[in-house]
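Undergrad: Here you go, this is work12.txt (compact mmCIF, C-alpha atoms).
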```
# COMPACT_ATOMS: atom_id res chain seq x y z
CA MET A 1 217.92 321.88 159.12
CA THR A 2 219.98 321.56 155.95
CA ARG A 3 220.19 318.02 154.57
CA GLY A 4 223.33 316.39 153.17
CA ILE A 5 226.03 318.23 155.12
CA ALA A 6 229.04 316.17 156.15
CA ARG A 7 229.72 315.40 159.83
CA PRO A 8 232.39 317.35 161.75
CA GLY A 9 235.93 316.05 161.37
CA PRO A 10 238.75 316.56 158.87
CA SER A 11 237.13 318.40 155.96
CA SER A 12 238.25 318.05 152.38
CA ARG A 13 237.60 320.33 149.45
CA ALA A 14 234.79 317.95 148.42
CA ASP A 15 233.22 318.23 151.91
CA PHE A 16 233.04 322.01 151.55
CA CYS A 17 231.50 321.65 148.09
CA ARG A 18 228.90 319.12 149.27
CA ALA A 19 228.00 321.33 152.22
CA GLY A 20 227.82 324.36 149.92
CA LEU A 21 225.48 322.59 147.51
CA ALA A 22 223.23 321.48 150.39
CA ILE A 23 223.04 325.04 151.74
CA LEU A 24 222.46 326.43 148.24
CA ARG A 25 219.61 323.95 147.66
CA ASP A 26 217.93 324.50 151.03
CA GLU A 27 218.65 328.16 151.83
CA GLY A 28 219.77 329.86 148.60
CA PRO A 29 223.14 331.20 147.39
CA GLN A 30 223.18 334.12 149.82
CA ALA A 31 223.39 331.60 152.70
CA ALA A 32 226.49 329.80 151.35
CA THR A 33 228.94 332.09 153.15
CA VAL A 34 232.31 331.11 154.57
CA ASP A 35 230.97 331.50 158.11
CA ARG A 36 227.92 329.34 157.38
CA LEU A 37 230.00 326.61 155.70
CA CYS A 38 232.53 326.48 158.53
CA ALA A 39 229.75 326.33 161.12
CA ALA A 40 228.01 323.52 159.22
CA LEU A 41 231.20 321.49 159.01
CA GLY A 42 232.58 322.41 162.43
CA ARG A 43 235.75 323.82 160.84
CA THR A 44 237.68 327.09 161.03
CA LYS A 45 237.99 329.71 158.31
CA GLY A 46 241.62 328.64 158.01
CA SER A 47 240.41 325.22 156.89
CA PHE A 48 238.25 326.84 154.22
CA TYR A 49 241.10 329.04 152.95
CA HIS A 50 243.43 326.04 152.92
CA HIS A 51 241.26 324.68 150.07
CA PHE A 52 240.01 327.88 148.38
CA ARG A 53 241.90 331.12 147.89
CA ASP A 54 238.67 333.18 148.04
CA ALA A 55 234.87 333.04 147.70
CA GLY A 56 235.12 333.18 143.90
CA ALA A 57 237.32 330.08 143.81
CA PHE A 58 234.83 328.31 146.08
CA GLN A 59 231.91 329.24 143.84
CA ALA A 60 233.77 327.91 140.79
CA ALA A 61 234.44 324.63 142.64
CA LEU A 62 230.79 324.49 143.73
CA LEU A 63 229.59 324.80 140.13
CA ALA A 64 232.10 322.18 138.97
CA GLU A 65 230.79 319.79 141.65
CA TRP A 66 227.18 320.48 140.60
CA GLU A 67 228.11 319.75 136.98
CA ALA A 68 229.92 316.52 137.88
CA VAL A 69 227.19 315.14 140.15
CA GLN A 70 224.10 316.35 138.31
CA THR A 71 225.26 315.87 134.71
CA GLU A 72 228.37 313.74 134.27
CA GLN A 73 227.33 311.01 136.73
CA PRO A 74 223.92 310.29 135.11
CA ILE A 75 225.54 310.36 131.66
CA ALA A 76 228.21 307.91 132.85
CA VAL A 77 225.49 305.60 134.19
CA ALA A 78 223.69 305.65 130.83
CA ASP A 79 226.92 305.25 128.84
CA GLY A 80 227.74 302.14 130.84
CA GLN A 81 224.69 300.35 129.42
CA ALA A 82 224.16 298.55 126.13
CA PRO A 83 223.02 301.02 123.41
CA ALA A 84 219.41 299.78 123.51
CA ARG A 85 219.25 300.44 127.29
CA ARG A 86 220.89 303.88 127.43
CA ALA A 87 217.77 306.04 127.15
CA ALA A 88 215.95 304.04 129.84
CA ALA A 89 219.03 304.04 132.09
CA LEU A 90 219.37 307.81 131.74
CA ARG A 91 215.69 308.33 132.52
CA GLU A 92 215.96 306.16 135.64
CA ALA A 93 219.16 307.89 136.80
CA VAL A 94 217.55 311.30 136.33
CA VAL A 95 214.22 310.50 137.99
CA LYS A 96 215.66 308.59 140.95
CA GLY A 97 219.16 310.02 141.33
CA LEU A 98 219.08 313.69 140.42
CA ASP A 99 218.68 316.33 143.13
CA HIS A 100 215.94 318.32 141.37
CA PRO A 101 215.65 321.06 144.03
CA LEU A 102 219.38 321.65 143.62
CA ASP A 103 219.03 322.10 139.85
CA ARG A 104 216.21 324.59 140.45
CA ALA A 105 218.33 326.46 143.02
CA VAL A 106 221.26 326.74 140.60
CA ARG A 107 218.96 328.07 137.86
CA ALA A 108 217.53 330.63 140.28
CA TRP A 109 221.09 331.66 141.26
CA GLY A 110 221.95 332.05 137.59
CA ARG A 111 219.35 334.80 137.18
CA HIS A 112 221.63 337.08 139.20
CA ASP A 113 225.14 335.83 138.40
CA ALA A 114 226.78 335.76 134.96
CA ARG A 115 229.33 333.09 135.90
CA VAL A 116 226.54 330.79 137.07
CA ARG A 117 224.61 331.44 133.85
CA GLU A 118 227.67 330.35 131.85
CA ALA A 119 227.93 327.12 133.89
CA ILE A 120 224.22 326.47 133.28
CA ARG A 121 224.67 327.05 129.54
CA ARG A 122 227.58 324.59 129.50
CA VAL A 123 225.54 321.97 131.38
CA ASP A 124 222.52 322.50 129.13
CA ARG A 125 224.66 322.07 126.00
CA ARG A 126 226.21 318.88 127.42
CA ARG A 127 222.85 317.37 128.35
CA ILE A 128 221.26 318.27 125.00
CA ALA A 129 224.22 316.85 123.07
CA PHE A 130 223.94 313.56 124.95
CA LEU A 131 220.20 313.37 124.29
CA ALA A 132 220.83 314.12 120.60
CA GLY A 133 223.25 311.19 120.49
CA LEU A 134 220.57 308.91 121.94
CA HIS A 135 218.06 310.04 119.31
CA ARG A 136 220.64 309.64 116.56
CA ALA A 137 221.43 306.09 117.71
CA ARG A 138 217.72 305.27 117.46
CA GLY A 139 217.63 306.46 113.86
CA ARG A 140 215.40 309.43 114.53
CA ARG A 141 215.44 312.38 112.16
CA ARG A 142 216.57 315.83 113.33
CA PRO A 143 218.05 314.47 116.58
CA GLU A 144 219.32 317.88 117.74
CA ARG A 145 215.83 319.43 117.53
CA LEU A 146 214.31 316.41 119.29
CA ALA A 147 216.92 316.71 122.04
CA GLU A 148 216.15 320.41 122.51
CA LEU A 149 212.42 319.67 122.72
CA GLU A 150 212.96 316.80 125.17
CA TYR A 151 215.27 318.87 127.35
CA ALA A 152 212.95 321.89 127.35
CA ALA A 153 210.11 319.59 128.46
CA PHE A 154 212.37 318.15 131.19
CA VAL A 155 213.34 321.58 132.57
CA GLY A 156 209.69 322.63 132.58
CA ALA A 157 208.62 319.39 134.27
CA GLN A 158 211.43 319.82 136.81
CA GLU A 159 210.23 323.35 137.62
CA LEU A 160 206.65 322.10 138.04
CA GLY A 161 207.71 319.16 140.21
CA LEU A 162 206.41 316.63 137.68
CA VAL A 163 209.62 314.65 137.17
CA THR A 164 209.37 312.82 140.49
CA ASP A 165 205.59 313.03 140.92
CA PRO A 166 204.50 309.35 141.17
CA GLU A 167 201.02 310.08 139.81
CA ARG A 168 201.61 312.59 137.00
CA GLY A 169 205.29 312.04 136.15
CA PRO A 170 205.01 308.67 134.35
CA GLY A 171 202.12 309.89 132.19
CA VAL A 172 204.02 313.03 131.19
CA ALA A 173 207.08 310.89 130.35
CA ARG A 174 205.01 308.51 128.19
CA ALA A 175 203.33 311.37 126.35
CA LEU A 176 206.68 313.02 125.65
CA GLU A 177 208.22 309.76 124.43
CA ALA A 178 205.26 309.17 122.09
CA ALA A 179 205.62 312.71 120.70
CA LEU A 180 209.37 312.30 120.19
CA GLU A 181 208.86 308.93 118.50
CA TRP A 182 206.28 310.45 116.13
CA LEU A 183 208.35 313.58 115.40
CA GLY A 184 211.48 311.49 114.84
CA ARG A 185 209.92 309.34 112.11
CA PRO A 186 210.51 310.11 108.44
CA PRO A 187 207.67 312.31 107.05
CA THR A 188 206.32 309.51 104.80
CA SER A 189 206.12 307.13 107.77
CA ARG A 190 204.23 309.74 109.80
CA ARG A 191 201.74 310.31 106.98
CA ARG A 192 201.07 306.56 106.60
CA ARG A 193 200.51 306.22 110.34
CA SER A 194 198.12 309.23 110.42
CA GLN A 195 196.12 307.81 107.50
CA ARG A 196 195.76 304.44 109.27
CA ALA A 197 194.51 306.18 112.41
```
Can you turn what I pasted into structure tokens?

TA:
Amino acid sequence: MTRGIARPGPSSRADFCRAGLAILRDEGPQAATVDRLCAALGRTKGSFYHHFRDAGAFQAALLAEWEAVQTEQPIAVADGQAPARRAAALREAVVKGLDHPLDRAVRAWGRHDARVREAIRRVDRRRIAFLAGLHRARGRRRPERLAELEYAAFVGAQELGLVTDPERGPGVARALEAALEWLGRPPTSRRRRSQRA
């Protein structure tokens, strides 16, 4: 049974999007049909077409909802913290609040759909830019490269199921943070630290 689908009753545009994301995550993009959505929500096709002119418009709304929930909400949580707490707040929001199977499902969908690939590229750029800002605020050198490295490690860890793994996840996160801290130091500072070790 698909998780996260709204109960029958008056259905809004957001209800259709939430149901669509749940079906996408659990059953794949081919399952997110108008018939399947209406059955899940207990609504008629007329209700669907009241909110979306066609399947393409629904897919665009679905991607916008994914972007808002999976990217803009965690960033807003982190931005609401004091500068010294933003990186930790983002990490906590991502580990505990992100729907990682949904992110993986969207990436899998993007392998076969150019519009989805463009949405993924936009989300990736947004996430990397935010990470770069966090590195810049901490005085680290080459913040854009550090952000790309951190994000690449995150996507890989997400694919491997490490992000939320209670045994391996924290160790991976600590190792990555130590590497980013070392790489973000000025070269002279890194040399001095290596000589002391």

Undergrad: Which residue gives the smallest distance to Asp113 in chain A among A:Ala152, A:Leu176, A:Ala60, A:Leu183, with all atoms listed in the file counted?

TA: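 Smallest distance to Asp113 in chain A is found for A:Ala60.
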
Undergrad: Hey, what's within 10 Å of Arg117 in chain A if we count only C-alpha atoms and toss same-chain stuff fewer than 5 positions away? As a list of chain:residue names, please?

TA: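 Surrounding residues, per the criterion: A:Val106, A:Arg107, A:Ala108, A:Trp109, A:Gly110, A:Arg111, A:His112, A:Arg122, A:Val123.
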
Undergrad: Save out the residues we just selected, C-alpha atoms, as a JSON list (two decimals), in the coordinates of the input.

TA:
```json
[["chain", "number", "residue", "atom", "x", "y", "z"],
["A", 106, "VAL", "CA", 221.26, 326.74, 140.60],
["A", 107, "ARG", "CA", 218.96, 328.07, 137.86],
["A", 108, "ALA", "CA", 217.53, 330.63, 140.28],
["A", 109, "TRP", "CA", 221.09, 331.66, 141.26],
["A", 110, "GLY", "CA", 221.95, 332.05, 137.59],
["A", 111, "ARG", "CA", 219.35, 334.80, 137.18],
["A", 112, "HIS", "CA", 221.63, 337.08, 139.20],
["A", 122, "ARG", "CA", 227.58, 324.59, 129.50],
["A", 123, "VAL", "CA", 225.54, 321.97, 131.38]]
```

Undergrad: Using all atoms listed in the file, which of A:Phe130, A:Ala105, A:Glu67, A:Leu149 sits nearest Glu118 in chain A?

TA: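 With all atoms listed in the file as the atom set, the closest residue is A:Glu67.
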
Undergrad: Can you tell me how far CA of Arg126 in chain A sits from CA of Ala31 in chain A, in Å to one decimal?

TA: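 Rounded to one decimal, the two atoms are 28.4 Å apart.
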
Undergrad: For Thr71 in chain A, which of A:Ala39, A:Ala129, A:Ala14, A:Leu160 is the closest residue, counting only C-alpha atoms?

TA: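 For Thr71 in chain A, the nearest of the candidates is A:Ala129.
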
Undergrad: Write out as a list in words which residues come within 10 Å of Leu63 in chain A when counting only C-alpha atoms, dropping same-chain ones fewer than 4 positions away.

TA: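 Within the cut-off, the hits are Cys17, Gly20, Leu21, Phe58, Gln59, Glu67, Ala68, Val69, Val106, Arg115, Val116, Ala119 and Ile120 of chain A.
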
Undergrad: In Å, how far is it from CA of Ile128 in chain A to CA of Ala178 in chain A?

TA: 18.6 Å

Undergrad: Tell me, in Å to one decimal, how far CA of Ala132 in chain A is from CA of Pro101 in chain A.

TA: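 Computing it gives 25.0 Å between the two atoms.
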
Undergrad: Measuring between only C-alpha atoms, which one of A:Leu90, A:Ala147, A:Val95, A:Ile75 shows the shortest distance to Pro170 in chain A?

TA: A:Val95

Undergrad: Pick from A:Arg168, A:Arg174, A:Arg142, A:Arg127: nearest to Val155 in chain A, with only C-alpha atoms counted?

TA: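 Closest residue, counting only C-alpha atoms: A:Arg127.
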
Undergrad: Choose the residue, out of A:Val163, A:Val77, A:Ala137, A:Cys38, that has the smallest atom-to-atom separation from Ile23 in chain A; count all atoms listed in the file.

TA: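 Nearest to Ile23 in chain A: A:Cys38.
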